[in-house]
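Note: the block below is start_25.txt and it holds compact mmCIF, C-alpha atoms and all ligand atoms.
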```
# COMPACT_ATOMS: atom_id res chain seq x y z
CA CYS Y 1 -72.03 -50.57 12.70
CA ALA Y 2 -70.28 -53.87 12.08
CA GLN Y 3 -72.62 -56.80 12.71
CA GLY Y 4 -70.97 -59.15 15.18
CA GLY Y 5 -67.79 -57.10 14.80
CA HIS Y 6 -67.46 -57.66 11.06
CA PHE Y 7 -68.60 -55.80 7.93
CA HIS Y 8 -69.96 -58.77 5.98
CA VAL Y 9 -73.48 -60.09 6.52
CA VAL Y 10 -74.58 -63.71 7.00
CA THR Y 11 -75.83 -64.43 3.48
CA PRO Y 12 -78.81 -66.56 2.49
CA LEU Y 13 -78.30 -70.20 1.51
CA LEU Y 14 -81.10 -70.66 -1.03
CA GLU Y 15 -82.23 -74.00 -2.44
CA SER Y 16 -82.57 -73.52 -6.20
CA ARG Y 17 -85.28 -75.66 -7.80
CA ALA Y 18 -84.07 -74.69 -11.29
CA LEU Y 19 -80.43 -75.57 -10.73
CA SER Y 20 -81.39 -78.68 -8.74
CA GLN Y 21 -83.36 -79.93 -11.75
CA VAL Y 22 -80.40 -79.28 -14.08
CA ALA Y 23 -77.95 -80.95 -11.67
CA GLY Y 24 -80.16 -83.90 -10.70
CA THR Y 25 -79.39 -83.22 -7.03
CA THR Y 26 -80.20 -80.50 -4.52
CA VAL Y 27 -78.28 -77.31 -5.34
CA PHE Y 28 -77.91 -74.64 -2.66
CA LEU Y 29 -76.82 -71.09 -3.56
CA LYS Y 30 -74.62 -69.18 -1.09
CA CYS Y 31 -75.67 -65.68 -2.10
CA GLU Y 32 -72.52 -63.56 -1.67
CA ASN Y 33 -73.96 -61.26 -4.36
CA VAL Y 34 -76.04 -59.58 -1.63
CA GLN Y 35 -73.03 -58.73 0.51
CA PRO Y 36 -72.23 -55.06 1.18
CA ALA Y 37 -69.87 -53.83 -1.61
CA GLY Y 38 -71.45 -56.42 -3.95
CA SER Y 39 -69.36 -59.55 -3.55
CA PHE Y 40 -67.83 -62.05 -1.09
CA LYS Y 41 -64.70 -59.83 -1.04
CA ILE Y 42 -65.91 -57.85 1.99
CA ARG Y 43 -65.39 -60.94 4.18
CA GLY Y 44 -61.63 -61.10 3.69
CA ILE Y 45 -60.97 -57.45 2.92
CA GLY Y 46 -63.15 -56.24 5.81
CA HIS Y 47 -61.22 -58.51 8.19
CA PHE Y 48 -57.85 -57.41 6.77
CA CYS Y 49 -58.74 -53.71 7.11
CA GLN Y 50 -60.04 -54.08 10.68
CA GLU Y 51 -56.81 -55.84 11.67
CA ALA Y 52 -54.74 -53.16 9.89
CA VAL Y 53 -56.47 -50.40 11.88
CA LYS Y 54 -55.83 -52.30 15.11
CA ARG Y 55 -52.15 -52.25 14.12
CA GLY Y 56 -52.12 -48.50 13.55
CA CYS Y 57 -53.23 -48.11 9.94
CA ARG Y 58 -54.71 -44.68 9.29
CA HIS Y 59 -55.07 -44.73 5.49
CA LEU Y 60 -55.97 -47.68 3.21
CA VAL Y 61 -54.73 -47.94 -0.38
CA CYS Y 62 -55.82 -50.54 -2.90
CA SER Y 63 -54.90 -51.03 -6.55
CA SER Y 64 -57.96 -52.59 -8.03
CA GLY Y 65 -59.40 -52.90 -11.44
CA HIS Y 66 -58.44 -54.58 -14.65
CA ILE Y 67 -58.55 -53.74 -18.31
CA SER Y 68 -61.73 -54.73 -20.09
CA THR Y 69 -61.78 -54.36 -23.83
CA SER Y 70 -65.43 -53.88 -24.63
CA GLY Y 71 -65.35 -53.67 -28.41
CA THR Y 72 -62.20 -51.91 -29.47
CA ARG Y 73 -62.02 -49.51 -26.54
CA LYS Y 74 -59.88 -50.67 -23.64
CA ARG Y 75 -61.63 -49.68 -20.43
CA THR Y 76 -60.84 -50.44 -16.81
CA GLU Y 77 -63.49 -51.87 -14.59
CA GLY Y 78 -63.23 -51.04 -10.91
CA GLY Y 79 -62.24 -54.22 -9.19
CA ASN Y 80 -64.51 -55.63 -6.52
CA ALA Y 81 -61.57 -55.66 -4.13
CA GLY Y 82 -61.20 -51.91 -4.48
CA PHE Y 83 -64.89 -51.43 -3.84
CA ALA Y 84 -64.72 -53.62 -0.72
CA ALA Y 85 -61.70 -51.67 0.55
CA ALA Y 86 -63.51 -48.36 -0.01
CA TYR Y 87 -66.54 -49.68 1.89
CA ALA Y 88 -64.40 -50.98 4.78
CA ALA Y 89 -62.56 -47.64 5.01
CA ARG Y 90 -65.84 -45.75 5.19
CA LYS Y 91 -67.10 -48.07 7.96
CA LEU Y 92 -63.77 -47.69 9.80
CA GLY Y 93 -63.87 -43.90 9.39
CA ILE Y 94 -60.47 -43.67 7.70
CA PRO Y 95 -59.54 -42.44 4.19
CA ALA Y 96 -59.03 -44.84 1.27
CA THR Y 97 -57.09 -44.24 -1.92
CA ILE Y 98 -57.92 -46.53 -4.84
CA VAL Y 99 -55.30 -46.54 -7.58
CA LEU Y 100 -56.61 -47.39 -11.03
CA PRO Y 101 -55.02 -47.40 -14.48
CA GLU Y 102 -55.51 -44.25 -16.60
CA GLY Y 103 -58.06 -45.91 -18.90
CA THR Y 104 -60.60 -46.27 -16.11
CA SER Y 105 -64.17 -45.42 -17.11
CA PRO Y 106 -65.61 -42.32 -15.37
CA HIS Y 107 -68.59 -44.24 -13.92
CA VAL Y 108 -66.20 -46.50 -12.02
CA VAL Y 109 -64.32 -43.49 -10.65
CA ARG Y 110 -67.60 -41.84 -9.62
CA ARG Y 111 -68.86 -45.04 -7.95
CA LEU Y 112 -65.69 -45.40 -5.88
CA GLN Y 113 -65.80 -41.68 -5.00
CA GLY Y 114 -69.44 -42.22 -4.03
CA GLU Y 115 -68.19 -44.80 -1.53
CA GLY Y 116 -65.99 -42.02 -0.12
CA ALA Y 117 -62.68 -43.12 -1.64
CA GLU Y 118 -60.08 -40.88 -3.28
CA VAL Y 119 -59.25 -42.25 -6.74
CA GLN Y 120 -55.80 -41.86 -8.28
CA LEU Y 121 -55.22 -42.81 -11.92
CA ALA Y 122 -51.72 -44.10 -12.54
CA GLY Y 123 -50.10 -46.18 -15.22
CA LYS Y 124 -51.41 -47.75 -18.37
CA VAL Y 125 -52.26 -51.16 -16.91
CA TRP Y 126 -53.19 -52.58 -13.53
CA ASP Y 127 -49.64 -53.78 -12.81
CA GLU Y 128 -48.40 -50.17 -13.01
CA ALA Y 129 -51.28 -48.94 -10.83
CA SER Y 130 -50.29 -51.66 -8.38
CA LEU Y 131 -46.71 -50.33 -8.29
CA LYS Y 132 -48.08 -46.84 -7.57
CA ALA Y 133 -50.18 -48.26 -4.70
CA GLN Y 134 -47.12 -49.97 -3.24
CA GLU Y 135 -45.28 -46.63 -3.52
CA LEU Y 136 -48.06 -44.79 -1.65
CA ALA Y 137 -48.18 -47.53 1.00
CA LYS Y 138 -44.66 -46.56 2.07
CA ARG Y 139 -46.15 -43.46 3.70
CA ASP Y 140 -46.46 -43.56 7.48
CA GLY Y 141 -49.78 -45.12 8.54
CA TRP Y 142 -50.75 -46.19 4.98
CA VAL Y 143 -51.48 -49.88 4.29
CA ASN Y 144 -51.87 -51.56 0.88
CA VAL Y 145 -54.86 -53.95 0.79
CA PRO Y 146 -54.04 -57.23 -1.03
CA PRO Y 147 -56.97 -58.42 -3.19
CA PHE Y 148 -56.43 -62.16 -2.68
CA ASP Y 149 -52.97 -63.23 -1.51
CA HIS Y 150 -52.80 -62.81 2.28
CA PRO Y 151 -53.61 -65.03 5.32
CA LEU Y 152 -55.90 -62.36 6.82
CA ILE Y 153 -57.91 -62.30 3.57
CA TRP Y 154 -58.28 -66.09 3.72
CA GLU Y 155 -59.17 -65.93 7.45
CA GLY Y 156 -61.98 -63.49 6.63
CA HIS Y 157 -63.32 -65.57 3.73
CA ALA Y 158 -63.36 -68.69 5.97
CA SER Y 159 -66.42 -67.20 7.74
CA LEU Y 160 -68.44 -68.34 4.71
CA VAL Y 161 -67.86 -72.01 5.56
CA ARG Y 162 -68.80 -71.50 9.22
CA GLU Y 163 -72.14 -70.19 7.94
CA LEU Y 164 -72.57 -73.25 5.70
CA LYS Y 165 -71.94 -75.52 8.69
CA ALA Y 166 -74.48 -73.60 10.79
CA ALA Y 167 -77.09 -73.73 8.01
CA LEU Y 168 -76.58 -77.30 6.74
CA GLY Y 169 -75.27 -79.21 9.77
CA THR Y 170 -74.14 -82.09 7.57
CA PRO Y 171 -71.48 -81.55 4.86
CA PRO Y 172 -72.59 -80.95 1.24
CA GLY Y 173 -71.62 -83.49 -1.44
CA ALA Y 174 -69.50 -80.86 -3.22
CA LEU Y 175 -68.70 -77.12 -3.27
CA VAL Y 176 -68.44 -75.04 -6.47
CA LEU Y 177 -66.54 -71.72 -6.59
CA ALA Y 178 -64.74 -69.43 -9.03
CA VAL Y 179 -61.01 -68.76 -8.97
CA GLY Y 180 -59.25 -65.53 -9.97
CA GLY Y 181 -56.18 -65.06 -7.75
CA GLY Y 182 -57.24 -67.95 -5.50
CA GLY Y 183 -58.18 -65.96 -2.38
CA LEU Y 184 -61.73 -67.31 -2.20
CA LEU Y 185 -60.43 -70.87 -2.68
CA ALA Y 186 -57.76 -70.45 0.02
CA GLY Y 187 -60.35 -69.00 2.41
CA VAL Y 188 -62.90 -71.75 1.76
CA ALA Y 189 -60.16 -74.37 2.18
CA ALA Y 190 -59.23 -72.85 5.56
CA GLY Y 191 -62.88 -72.90 6.57
CA LEU Y 192 -63.41 -76.53 5.51
CA ILE Y 193 -60.37 -77.64 7.52
CA GLU Y 194 -61.55 -75.58 10.52
CA VAL Y 195 -65.04 -77.18 10.61
CA GLY Y 196 -63.79 -80.69 9.83
CA TRP Y 197 -65.16 -80.81 6.26
CA GLN Y 198 -61.81 -81.16 4.47
CA HIS Y 199 -63.15 -84.29 2.71
CA VAL Y 200 -65.79 -82.24 0.82
CA PRO Y 201 -64.69 -82.06 -2.83
CA ILE Y 202 -64.30 -78.59 -4.37
CA ILE Y 203 -64.97 -77.90 -8.05
CA THR Y 204 -63.17 -74.72 -9.09
CA ALA Y 205 -64.22 -72.74 -12.17
CA GLU Y 206 -62.13 -70.43 -14.31
CA THR Y 207 -62.76 -69.02 -17.75
CA GLN Y 208 -60.46 -69.79 -20.66
CA GLY Y 209 -58.09 -66.82 -20.86
CA ALA Y 210 -58.09 -66.33 -17.08
CA HIS Y 211 -57.17 -69.91 -16.20
CA CYS Y 212 -54.03 -69.29 -14.12
CA PHE Y 213 -54.97 -71.89 -11.46
CA ASN Y 214 -55.68 -74.66 -14.00
CA ALA Y 215 -52.44 -73.82 -15.82
CA ALA Y 216 -50.48 -74.04 -12.55
CA ILE Y 217 -52.03 -77.43 -11.71
CA LYS Y 218 -51.13 -78.75 -15.18
CA ALA Y 219 -47.57 -77.39 -14.93
CA GLY Y 220 -47.16 -78.57 -11.32
CA LYS Y 221 -45.91 -75.09 -10.43
CA LEU Y 222 -47.00 -71.43 -10.54
CA VAL Y 223 -47.19 -70.12 -14.10
CA THR Y 224 -47.91 -66.60 -15.38
CA LEU Y 225 -50.42 -66.21 -18.19
CA PRO Y 226 -49.12 -63.96 -20.99
CA ASP Y 227 -52.36 -61.95 -21.00
CA ILE Y 228 -55.95 -62.00 -19.78
CA THR Y 229 -58.17 -62.67 -22.79
CA SER Y 230 -61.42 -63.64 -21.03
CA VAL Y 231 -64.41 -61.28 -20.66
CA ALA Y 232 -64.58 -62.37 -16.99
CA LYS Y 233 -62.25 -59.55 -15.96
CA SER Y 234 -62.77 -60.14 -12.24
CA LEU Y 235 -60.97 -63.46 -12.71
CA GLY Y 236 -58.22 -61.64 -14.58
CA VAL Y 237 -55.17 -62.49 -12.50
CA LYS Y 238 -52.09 -63.73 -14.38
CA THR Y 239 -50.47 -65.75 -11.55
CA VAL Y 240 -52.53 -67.59 -8.94
CA ALA Y 241 -51.60 -67.31 -5.24
CA ARG Y 242 -49.11 -70.02 -4.17
CA ARG Y 243 -51.48 -70.96 -1.33
CA ALA Y 244 -54.15 -71.91 -3.89
CA LEU Y 245 -51.81 -74.41 -5.52
CA GLU Y 246 -50.89 -75.81 -2.07
CA CYS Y 247 -54.61 -76.42 -1.38
CA THR Y 248 -54.63 -79.08 -4.12
CA LYS Y 249 -52.37 -81.20 -1.86
CA GLU Y 250 -54.66 -80.88 1.16
CA LEU Y 251 -58.15 -81.14 -0.37
CA GLU Y 252 -59.86 -82.90 -3.30
CA ILE Y 253 -60.05 -80.15 -5.92
CA PHE Y 254 -61.41 -80.59 -9.45
CA SER Y 255 -60.18 -77.67 -11.57
CA GLU Y 256 -62.56 -76.89 -14.48
CA VAL Y 257 -62.25 -74.28 -17.23
CA VAL Y 258 -65.30 -72.96 -19.09
CA ASP Y 259 -65.32 -70.64 -22.10
CA ASP Y 260 -66.67 -67.10 -22.04
CA ALA Y 261 -69.83 -68.13 -23.90
CA GLN Y 262 -70.67 -70.71 -21.22
CA ALA Y 263 -70.01 -68.19 -18.43
CA VAL Y 264 -72.16 -65.47 -20.04
CA ASN Y 265 -74.87 -67.98 -20.93
CA ALA Y 266 -74.93 -69.03 -17.27
CA VAL Y 267 -75.33 -65.39 -16.19
CA GLN Y 268 -78.36 -65.07 -18.47
CA LYS Y 269 -79.89 -68.39 -17.34
CA PHE Y 270 -79.33 -67.50 -13.68
CA LEU Y 271 -81.02 -64.13 -14.21
CA ASP Y 272 -84.05 -65.88 -15.72
CA ASP Y 273 -84.07 -68.72 -13.15
CA GLU Y 274 -83.40 -66.78 -9.94
CA ARG Y 275 -83.87 -63.10 -10.94
CA MET Y 276 -80.35 -62.12 -9.81
CA LEU Y 277 -77.74 -60.53 -12.12
CA VAL Y 278 -74.09 -61.50 -11.50
CA GLU Y 279 -70.76 -60.96 -13.30
CA PRO Y 280 -69.34 -63.45 -15.82
CA ALA Y 281 -66.76 -64.28 -13.10
CA CYS Y 282 -69.67 -65.70 -11.10
CA GLY Y 283 -71.22 -67.16 -14.25
CA ALA Y 284 -68.13 -69.38 -14.52
CA ALA Y 285 -69.08 -71.15 -11.26
CA LEU Y 286 -72.76 -71.40 -12.30
CA ALA Y 287 -71.67 -72.83 -15.66
CA VAL Y 288 -70.33 -75.90 -13.82
CA ILE Y 289 -74.01 -76.78 -13.26
CA TYR Y 290 -75.63 -75.23 -16.33
CA SER Y 291 -73.13 -76.62 -18.86
CA GLY Y 292 -73.23 -80.14 -17.39
CA LEU Y 293 -69.66 -80.26 -16.04
CA LEU Y 294 -70.90 -81.62 -12.69
CA GLY Y 295 -72.74 -84.43 -14.48
CA ARG Y 296 -69.66 -85.20 -16.55
CA LEU Y 297 -67.50 -85.56 -13.42
CA GLN Y 298 -70.12 -87.96 -12.05
CA ALA Y 299 -70.36 -89.93 -15.33
CA GLU Y 300 -66.57 -90.27 -15.34
CA GLY Y 301 -66.75 -91.73 -11.82
CA ARG Y 302 -64.60 -88.90 -10.42
CA LEU Y 303 -67.51 -87.60 -8.32
CA SER Y 304 -70.10 -89.74 -6.57
CA PRO Y 305 -73.14 -90.32 -8.81
CA SER Y 306 -75.40 -89.59 -5.85
CA LEU Y 307 -74.28 -86.40 -4.14
CA ALA Y 308 -76.15 -85.39 -0.97
CA SER Y 309 -76.24 -81.79 -2.20
CA VAL Y 310 -74.08 -79.24 -4.01
CA VAL Y 311 -73.35 -75.71 -2.76
CA VAL Y 312 -72.52 -73.10 -5.41
CA ILE Y 313 -70.88 -69.93 -4.10
CA VAL Y 314 -72.58 -67.09 -5.95
CA CYS Y 315 -69.67 -64.65 -5.68
CA GLY Y 316 -71.54 -61.69 -7.16
CA GLY Y 317 -69.58 -58.71 -8.53
CA ASN Y 318 -70.40 -55.08 -9.31
CA ASN Y 319 -69.25 -54.89 -12.90
CA ILE Y 320 -72.45 -55.92 -14.63
CA ASN Y 321 -75.76 -54.35 -15.61
CA SER Y 322 -78.43 -55.12 -18.21
CA GLN Y 323 -76.65 -53.09 -20.91
CA GLY Y 324 -73.35 -54.83 -20.16
CA LEU Y 325 -74.98 -58.25 -20.37
CA GLN Y 326 -76.54 -57.40 -23.75
CA ALA Y 327 -73.14 -56.17 -25.00
CA LEU Y 328 -71.43 -59.37 -23.82
CA LYS Y 329 -74.07 -61.56 -25.48
CA ALA Y 330 -73.71 -59.60 -28.75
CA GLN Y 331 -69.90 -59.80 -28.53
CA LEU Y 332 -70.12 -63.58 -28.02
CA GLY Y 333 -72.75 -64.06 -30.71
CA GLN Y 334 -75.49 -65.14 -28.32
CA SER Y 335 -79.11 -64.32 -29.04
C1 LIG Y 401 -58.76 -59.17 -10.95
O1 LIG Y 401 -59.78 -59.02 -10.03
C2 LIG Y 401 -59.54 -59.48 -8.70
C3 LIG Y 401 -60.81 -59.27 -7.88
N1 LIG Y 401 -61.88 -60.20 -8.28
C4 LIG Y 401 -61.96 -61.44 -7.61
C5 LIG Y 401 -63.29 -62.14 -7.86
C6 LIG Y 401 -63.36 -63.56 -7.91
C7 LIG Y 401 -62.13 -64.43 -7.72
O2 LIG Y 401 -61.69 -64.31 -6.39
P1 LIG Y 401 -60.16 -64.63 -6.04
O3 LIG Y 401 -59.90 -66.02 -6.56
O4 LIG Y 401 -59.32 -63.58 -6.75
O5 LIG Y 401 -60.10 -64.52 -4.55
C8 LIG Y 401 -64.57 -64.19 -8.14
N2 LIG Y 401 -65.71 -63.49 -8.34
C9 LIG Y 401 -65.70 -62.13 -8.30
C10 LIG Y 401 -67.00 -61.40 -8.54
C11 LIG Y 401 -64.49 -61.42 -8.05
O6 LIG Y 401 -64.48 -60.06 -8.03
C12 LIG Y 401 -61.30 -57.83 -8.05
O7 LIG Y 401 -62.39 -57.67 -8.63
O8 LIG Y 401 -60.64 -56.91 -7.55
```
Please rewrite the model in this file as structure tokens.
Ligand SMILES: COC[C@H](NCc1c(COP(=O)(O)O)cnc(C)c1O)C(=O)O
Amino acid sequence: CAQGGHFHVVTPLLESRALSQVAGTTVFLKCENVQPAGSFKIRGIGHFCQEAVKRGCRHLVCSSGHISTSGTRKRTEGGNAGFAAAYAARKLGIPATIVLPEGTSPHVVRRLQGEGAEVQLAGKVWDEASLKAQELAKRDGWVNVPPFDHPLIWEGHASLVRELKAALGTPPGALVLAVGGGGLLAGVAAGLIEVGWQHVPIITAETQGAHCFNAAIKAGKLVTLPDITSVAKSLGVKTVARRALECTKELEIFSEVVDDAQAVNAVQKFLDDERMLVEPACGAALAVIYSGLLGRLQAEGRLSPSLASVVVIVCGGNNINSQGLQALKAQLGQS
């Protein structure tokens, strides 16, 4: 049953000795990697799906997934949004159809079917699968679940900040989180404003090749990346949500971009330091600490040299295992 009426759980806020030593201040980890469906996504997507059912939805559809070229073969990973939608549908007792591009690897299809979803393969790339999902959503009682760009998604993600307030009492010195389409950022921003912590600076992390938010900030308007060339496929959105760009006018946001090697190196270090395995998308946020970006912002005087504490949102993600990590390290020339 839904705890407290929602599908997400209240996640641990762990003090990390290892990351605190690297950062030179207390680092807390908000462990969204232990959420049902494997990432923070269930907060916003669970809330969206519950509201949709209240408004008569009888069938959820979600176009999730993105192309990942491991080696020469193009393969589609099952997006974490799709997995969260499948989980929510199962908890709500209604069917879910996840639309994925034709190149999707069989283990992804099986995993989504294991969650009870019907999988349809359509189109060569995610954008075409997305069109197919929109087509299906025209059916009576069907609702298309947006992965990141919707107020109900942001409302659901805001629950994370309420938990930080309950656990910490006083505001942290800074918050670190990864950006793909900007849904997590928009949700955290809504939460900070709600609890009166809008002065807490946010450091956003993207990987080079999936840096649509950083590109939009630099251009002063939404821009569309020509392609996604980063291995952090769960950050692989070409145009960030407009709301994410608006957040830069309401909160103090430092947009950082790390390269794939730094993100994957952070995944490995985090595994060794805290014995948890997360996607490169999550590694991007951890790299803000591990690769010294936080310290650089402090040295440049853009962040206070003495921060009370730093909270890193460990966003999690399903598309990683020990074999995948070894393949990524080999691909990036890491020992
Ligand atoms: C293409 O992918 C969009 C979405 N990933 C989103 C995502 C993010 C970024 O969240 P956002 O900024 O999109 O709300 C961070 N960290 C993890 C582990 C994620 O899965 C998905 O997987 O369907």
I'd like to know which of Y:Ala129, Y:Ala96, Y:Gly324, Y:Leu303 is closest to Gly114 in chain Y, using only C-alpha atoms.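 Smallest distance to Gly114 in chain Y is found for Y:Ala96.
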Hey, which residues come within 8 Å of ligand LIG 401 (chain Y) if we count all atoms listed in the file? Could you give them as a PyMOL selection string? chain Y and resi 39-41+64-66+78-83+147-149+177-186+233-237+240+278-282+315-318
Name the closest residue to Val34 in chain Y among the candidates Y:Ala190, Y:His107, Y:Ala137, Y:Leu277; distances are taken between atoms, counting only C-alpha atoms.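 That would be Y:Leu277, the residue with the smallest distance to Val34 in chain Y.
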To one decimal place, how far is CA of Arg243 in chain Y from CA of Glu194 in chain Y in Å? 16.2 Å
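Between CA of Gln268 in chain Y and CA of Gly283 in chain Y the interatomic distance comes to 8.6 Å.
Counting only C-alpha atoms and comparing Y:Leu164, Y:Ala84, Y:Asp227, Y:Ala287, the residue that lies closest to Leu14 in chain Y is Y:Leu164.
Closest approach to Ser230 in chain Y among Y:Asn319, Y:Ser255, Y:Thr170, Y:Thr207 is made by Y:Thr207 (distances from only C-alpha atoms).
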